[in-house]
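Data block below; observations after.
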Amino acid sequence: MAGFDTPRRKSGRYMPTVSDSPSTYGADIVPSASLYTCQSRPEDFTDELLLKEPSLEAHQTHFYASFTRRSNRGPIRTYGKNKSRPRTSETGPLMVFSVGDTVFVKTESNVPSVAVITAVWKVEGEDVSEKGPIRVRVHWFARPSQLPPHRAKREFYENEVLYHYHIDSCKTVSSSSILGPCKVSSSSSAAAVPHRSKDDSSSDDFFCQSALNPQRGIYYELNWDAFREDAMRALAERDENKPEGVRWPDDDLWTVKLKPESKPKRAAKDKKGSGRGSPRKRRRVGRKDDSESESEVDDSADEFRAGSAHEDEDDGEEPDSEEESEVESVVSEPKTPSRKRKRGVPSTPKTPRTPRRPRADKGSLAQPTPHSKAALRRRKKTALAVRPPPPAEGTLELALARGLEGDSWLRAMHVLHVAARPGALPCREQEYGRVLRAVEELLEEGSGGCIYISGVPGTGKTATVHAVVRELKRMAENNEANPFAYVEINGLKIPEPAAAYGLLWEAVCGHDTAKDGHMKISSKEALRNLSKHFSGAERVGPTGGHACVVLMDELDQLMTTKQDVVYNFFNWPTLAGSKLVVLAVANTMDLPERVMTGRVRSRLGMVRINFQPYTTPQLEQIVKARLAASKAGLPADAPDALGPDAIKFASMKVSSISGDARRVLDICRRTVELVRARRRAARIEDVKDVIKEMQNSPTAAFLRELSFHERLMLAALVKCVRKEGVEEIRWAEVQHQHTVYLNLLSNDAEGDPSRRPSGDELVLVLDALLASHALICEDGAAVARKAEGERRVALNLEYAEVERVLGEVGGPRWRNALNV
């Protein structure tokens with residue numbers, strides 16, 4: 001190991017997850033003559049051999065120009081509605097795969113990925129047989145269907161692919177993952193007619209005219225045929241001369257070197273008078289820091305011309321001063337405008353300066369964590385301006401314009417419905433700005449992070465996040481923000497918390513749910529793939545390092561006993577370069593401190609945004625804003641459906657209890673429905689009648705008729721749910737809390753606190769509540785083998801309604817015990 005230079009590990013995150021086919025070693029794979037032999041390095045081995053910790057001195061790596069194998073391109077696996085398209089045969093004819101060939105590579109995606117072979121080698125030595133596996137180094141292309149869904153819109157050809165320009169877009173795969181050859185060309189005759197709906201996986205001929213920066217969503221003009229010829233010429237010179245110090249494989253040969261597109265040539269007389277020619281200025285972006293600085297300079301979707309890595313610096317042209325100044329203005333950082341310097345005129349000598357230390361490679365430095373002091377200082381310096389929430393698509397005004405004509409009461413009932421989405425969010429501008437700024441900064445930095453959003457139900461948390469996501473989508477489409485993928489996970493809409501893994505995996509791997517349906521993948525497999533993806537072991541998305549924004553709504557329902565689901569979702573954003581932004585929405589502000597364990601709480605971070613309950617003026621403003629939208633397009637003398645006094649009274653009633661905007665909208669809508677037949681504006685008396693009717697609901701009447709111990713058991717279950725953060729509670733815990741409340745809430749009229757009910761008596765109370773479907777209990781053969789106290793019980797009624805009615809019936813002591 002002396003003198004062995006271990007190379008810096010390159011992250012494979014965001015590369016396609018390669019799915020190896022069954023091994024076809026031996027006589028089926030025959031390499032060509034060896035080109036070069038050297039001592040093995042760690043990256044030359046397979047994962048299985050690395051686990052054995054082999055000795056590098058006892059192994060040698062042989063590099064080849066090609067290998068021969070039968071094509072094993074089988075049926076393409078798809079998910080959901082579309083079935084696999086079978087091929088004519090599972091194994092094809094004997095084929096030769098050489099360095100520089102474009103091939104199909106089998107990945108976890110529903111269609112094969114396209115790549116170019118950059119190197120072929122095999123390791124020999126201890127623990128490795130002579131017929132050991134052949135490793136293949138590939139550089140990826142991206143299909144348009146594999147790009148992030150929220151990006152700047154661009155027209156593509158049916159068979160167009162995009163070449164990854166960065167050096168990190170290389171991946172080592174096994175030879176069995178190569179499915180077969182394909183053809184990629186930059187010739188205009190290879191381009192098909194632009195058409196979006198056709199599946200781009202049915203053709204073996206592809207057209208490439210652009211290179212892609214996946215992190216910024218920037219496209220560069222590229223002549224693939226010329227670029228490949230230059231790379232093959234450089235490879236031939238390297239194989240013939242075998243210079244010292246050149247690494248095998250050399251990924252830099254297949255890295256695109258970019259330069260701004262210059263103007264056409266000037267006339268010959270302009271060249272003669274320009275003095276001694278100067279080489280054209282060009283920006284090389286082979287390294288990671290160069291690509292980052294290039295992205296920072298130009299965040300637009302302007303195209304650049306990509307030159308090959310081996311093109312001569314002086315191409316024979318002599319650009320004039322105007323052309324040179326234009327090139328400098330593109331590739332350099334913004335400066336104060338200065339006069340153009342004429343050629344041949346000596347400039348004033350500058351004052352000698354102390355030489356600066358060379359700039360370190362950014363890739364070798366540790367990047368700041370999302371919540372470190374360095375990251376917070378940078379965000380403070382580059383604070384983005386807060387924009388007001390944009391109008392939502394399908395606003396109330398547009399919905400009213402399609403119908404409902406001139407009926408003021410019918411239009412008011414429509415806009416006051418809780419499912420109607422307004423064009424703006426009144427009284428939530430500050431919270432909207434904080435959420436938008438936090439997410440936008442994480443997307444701009446290319447880092448991950450968690451944002452915890454809390455507040456009682458009905459305070460506009462989810463609606464505000466939806467408005468933020470709509471604004472980010474608009475910015476990404478206009479190329480004002482980096483491209484990203486978005487997925488929403490609602491704890492009430494999935495069968496179990498572990499099902500969230502499958503939804504996130506679909507968004508990460510670019511699966512089209514609308515076209516192919518949901519992926520048929522288990523939660524364990526999705527978790528395993530996500531762990532590999534975010535840990536940097538393997539990249540999943542063929543597009544590259546775009547971000548993924550996840551909305552975890554109803555976080556309370558995703559809490560489990562082990563809390564492994566929320567731990568994974570909060571831990572992945574903390575990994576370097578994950579680019580995962582998690583927006584966790586919960587109904588309680590102290591959920592992390594009260595329910596989450598220390599290891600989960602530590603991953604959550606410090607970005608917390610709390611939504612306070614609406615006050616009376618705010619609820620009035622919300623109702624009046626919706627009523628104003630209902631009168632859009634009506635005459636100025638159109639009658640009002642709801643009077644100002646009625647709006648204020650309803651707002652005061654709701655704000656004194658919960659501040660739930662949905663409840664005040666429901667009250668106002670029912671009031672308008674009540675007075676519609678009378679064709680007059682609703683008054684305070686009408687609001688009182690509606691509130692009284694809502695309080696006398698069937699659920700409230702049922703709860704008032706329950707016995708003392710039945711109401712006490714419901715209160716004990718609600719208390720356990722609030723304390724544990726999960727809906728399913730062990731029967732032993734409910735019994736314990738029932739006994740605690742018996743000492744606290746009983747009186748002479750309702751029960752003797754000195755007499756404690758036995759376990760059998762509490763089971764009778766449970767059976768009565770189960771028979772009325774107020775509670776539900778797990779059942780089945782597996783549950784029968786459990787102890788009686790291990791069975792889980794859940795409430796089948798609305799929590800807020802149960803707390804309200806129990807507080808009214810029991811009085812102040814019950815309200816204090818239930819925190820109502």
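Letters for chains follow the order of the structure tokens (A, B, ...), residue numbers begin at 1 for each chain, and ligand numbers begin at 1 in the order shown.
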Can you list, as number ranges by chain, every protein, DNA or RNA residue that comes within 7 Å of region 668-677 of chain A when you count only C-alpha atoms, leaving out same-chain residues fewer than 2 positions away? A: 409, 413, 416-417, 641-642, 664-666, 679-680, 682, 686-687, 690
According to DSSP computed on the backbone, where in region 524-574 of chain A is there strand (DSSP E)? Give the residues as a ChimeraX atom specification. /A:547-553
For each of A:Thr68, A:Gln735, A:Ser40, A:Gln563, take the minimum atom-to-atom distance to Leu56 (chain A), counting only C-alpha atoms, then give the residue where this is smallest. A:Ser40
Which value, in Å to one decimal, gives the distance between CA of Ala33 (chain A) and CA of Ser66 (chain A)? 8.4 Å
Residue neighbourhood Arg434 (chain A), 10 Å, only C-alpha atoms, exclusion window fewer than 6 positions, as an mmCIF file with C-alpha atoms, in the first residue's frame:
data_model
loop_
_atom_site.group_PDB
_atom_site.id
_atom_site.type_symbol
_atom_site.label_atom_id
_atom_site.label_comp_id
_atom_site.auth_asym_id
_atom_site.auth_seq_id
_atom_site.Cartn_x
_atom_site.Cartn_y
_atom_site.Cartn_z
ATOM 1 C CA VAL A 386 -41.046 37.756 -0.600
ATOM 2 C CA GLU A 440 -36.587 28.465 -2.269
ATOM 3 C CA VAL A 468 -46.025 27.836 -2.155
ATOM 4 C CA VAL A 607 -36.839 25.579 11.000
ATOM 5 C CA ARG A 608 -40.293 25.597 12.567
ATOM 6 C CA ILE A 609 -43.240 27.700 11.455
#
So that I can see what lies close to Glu778 (chain A), please list as a short mmCIF file (atom, residue, chain, number, x, y, z; two decimals) with all heavy atoms, in the first residue's frame the residues with an atom at most 12 Å from it, counting only C-alpha atoms and leaving out residues fewer than 6 positions away in the same chain.
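File produced: around.cif:
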data_model
loop_
_atom_site.label_atom_id
_atom_site.label_comp_id
_atom_site.auth_asym_id
_atom_site.auth_seq_id
_atom_site.Cartn_x
_atom_site.Cartn_y
_atom_site.Cartn_z
N GLU A 728 -54.19 4.25 17.24
CA GLU A 728 -54.41 2.93 17.83
C GLU A 728 -53.71 2.87 19.19
O GLU A 728 -52.49 3.03 19.27
CB GLU A 728 -53.89 1.82 16.91
CG GLU A 728 -54.58 1.75 15.57
CD GLU A 728 -54.02 2.73 14.58
OE1 GLU A 728 -52.99 3.36 14.92
OE2 GLU A 728 -54.58 2.89 13.49
N ILE A 729 -54.48 2.62 20.24
CA ILE A 729 -53.96 2.62 21.61
C ILE A 729 -54.16 1.23 22.20
O ILE A 729 -55.20 0.58 21.98
CB ILE A 729 -54.68 3.67 22.47
CG1 ILE A 729 -54.58 5.06 21.81
CG2 ILE A 729 -54.10 3.72 23.87
CD1 ILE A 729 -53.18 5.56 21.64
N ARG A 730 -53.17 0.77 22.95
CA ARG A 730 -53.28 -0.52 23.64
C ARG A 730 -54.38 -0.46 24.69
O ARG A 730 -54.57 0.55 25.38
CB ARG A 730 -51.95 -0.90 24.28
CG ARG A 730 -50.84 -1.17 23.29
CD ARG A 730 -49.49 -1.35 23.95
NE ARG A 730 -49.49 -2.36 25.01
CZ ARG A 730 -49.38 -2.09 26.30
NH1 ARG A 730 -49.25 -0.82 26.70
NH2 ARG A 730 -49.39 -3.04 27.19
N TRP A 731 -55.12 -1.56 24.82
CA TRP A 731 -56.24 -1.61 25.75
C TRP A 731 -55.75 -1.45 27.19
O TRP A 731 -56.45 -0.84 28.03
CB TRP A 731 -56.99 -2.93 25.56
CG TRP A 731 -58.01 -3.25 26.61
CD1 TRP A 731 -58.07 -4.34 27.41
CD2 TRP A 731 -59.15 -2.45 26.97
NE1 TRP A 731 -59.15 -4.28 28.25
CE2 TRP A 731 -59.84 -3.13 27.99
CE3 TRP A 731 -59.63 -1.23 26.54
CZ2 TRP A 731 -60.99 -2.63 28.59
CZ3 TRP A 731 -60.79 -0.73 27.13
CH2 TRP A 731 -61.46 -1.40 28.14
N LEU A 770 -68.21 -0.69 21.41
CA LEU A 770 -67.95 -1.37 20.14
C LEU A 770 -69.24 -1.69 19.41
O LEU A 770 -69.32 -1.61 18.18
CB LEU A 770 -67.13 -2.64 20.36
CG LEU A 770 -65.69 -2.47 20.86
CD1 LEU A 770 -65.07 -3.84 21.15
CD2 LEU A 770 -64.87 -1.73 19.82
N ALA A 784 -56.12 -12.93 18.45
CA ALA A 784 -56.59 -13.83 19.49
C ALA A 784 -55.44 -14.45 20.27
O ALA A 784 -55.61 -14.83 21.45
CB ALA A 784 -57.46 -14.92 18.86
N LYS A 786 -52.77 -12.84 21.13
CA LYS A 786 -52.16 -11.81 21.97
C LYS A 786 -52.80 -11.78 23.35
O LYS A 786 -53.91 -12.29 23.57
CB LYS A 786 -52.30 -10.43 21.32
CG LYS A 786 -51.52 -10.24 20.04
CD LYS A 786 -51.69 -8.81 19.54
CE LYS A 786 -50.92 -8.58 18.27
NZ LYS A 786 -51.08 -7.16 17.77
N GLU A 788 -54.76 -9.92 26.37
CA GLU A 788 -55.93 -9.04 26.26
C GLU A 788 -55.53 -7.57 26.31
O GLU A 788 -56.12 -6.73 25.63
CB GLU A 788 -56.92 -9.35 27.39
CG GLU A 788 -58.22 -8.57 27.29
CD GLU A 788 -59.18 -8.93 28.40
OE1 GLU A 788 -58.78 -9.67 29.32
OE2 GLU A 788 -60.33 -8.47 28.34
N GLU A 790 -52.91 -6.25 25.08
CA GLU A 790 -52.15 -5.85 23.91
C GLU A 790 -53.04 -5.51 22.72
O GLU A 790 -52.53 -5.06 21.70
CB GLU A 790 -51.16 -6.97 23.52
CG GLU A 790 -50.10 -7.25 24.57
CD GLU A 790 -49.22 -6.03 24.83
OE1 GLU A 790 -48.94 -5.29 23.87
OE2 GLU A 790 -48.84 -5.82 26.00
N ARG A 791 -54.31 -5.78 22.82
CA ARG A 791 -55.21 -5.40 21.73
C ARG A 791 -55.27 -3.88 21.60
O ARG A 791 -55.14 -3.15 22.59
CB ARG A 791 -56.62 -5.94 21.98
CG ARG A 791 -56.74 -7.43 21.88
CD ARG A 791 -58.19 -7.85 21.83
NE ARG A 791 -58.95 -7.33 22.97
CZ ARG A 791 -60.29 -7.33 23.04
NH1 ARG A 791 -60.99 -7.82 22.04
NH2 ARG A 791 -60.89 -6.86 24.11
N ARG A 792 -55.47 -3.42 20.40
CA ARG A 792 -55.47 -1.98 20.13
C ARG A 792 -56.88 -1.51 19.83
O ARG A 792 -57.64 -2.18 19.13
CB ARG A 792 -54.53 -1.63 18.98
CG ARG A 792 -53.08 -1.92 19.30
CD ARG A 792 -52.12 -1.35 18.30
NE ARG A 792 -50.73 -1.55 18.72
CZ ARG A 792 -50.07 -0.71 19.51
NH1 ARG A 792 -50.65 0.40 19.93
NH2 ARG A 792 -48.83 -0.97 19.86
N VAL A 793 -57.19 -0.33 20.38
CA VAL A 793 -58.51 0.27 20.26
C VAL A 793 -58.35 1.63 19.61
O VAL A 793 -57.35 2.35 19.85
CB VAL A 793 -59.18 0.40 21.66
CG1 VAL A 793 -60.60 0.93 21.53
CG2 VAL A 793 -59.17 -0.94 22.36
N ALA A 794 -59.33 2.03 18.79
CA ALA A 794 -59.29 3.32 18.10
C ALA A 794 -60.67 3.95 18.16
O ALA A 794 -61.71 3.26 18.23
CB ALA A 794 -58.84 3.17 16.65
N LEU A 795 -60.69 5.28 18.15
CA LEU A 795 -61.93 6.05 18.18
C LEU A 795 -62.49 6.15 16.77
O LEU A 795 -61.76 6.46 15.82
CB LEU A 795 -61.69 7.44 18.76
CG LEU A 795 -62.91 8.35 18.94
CD1 LEU A 795 -63.88 7.74 19.94
CD2 LEU A 795 -62.48 9.74 19.39
#
Do a neighbour search on region 500-514 of chain A at 8 Å with only C-alpha atoms, toss out local chain neighbours closer than 4 positions, and write the hits as number ranges by chain. A: 109-110, 146-148, 485-487, 489, 494, 496, 518-519, 521-523, 526-527, 529-530, 540-542, 548, 550
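Minimum atom-to-atom distance to Lys171 (chain A), evaluated using only C-alpha atoms, belongs to A:Pro249 out of A:Gly807, A:Pro249, A:Gly423, A:Gly633.
Shortest separation to Glu126 (chain A) among A:Thr739, A:Ser55, A:Asn819, A:Asn587 occurs at residue A:Ser55, atoms counted being only C-alpha atoms.
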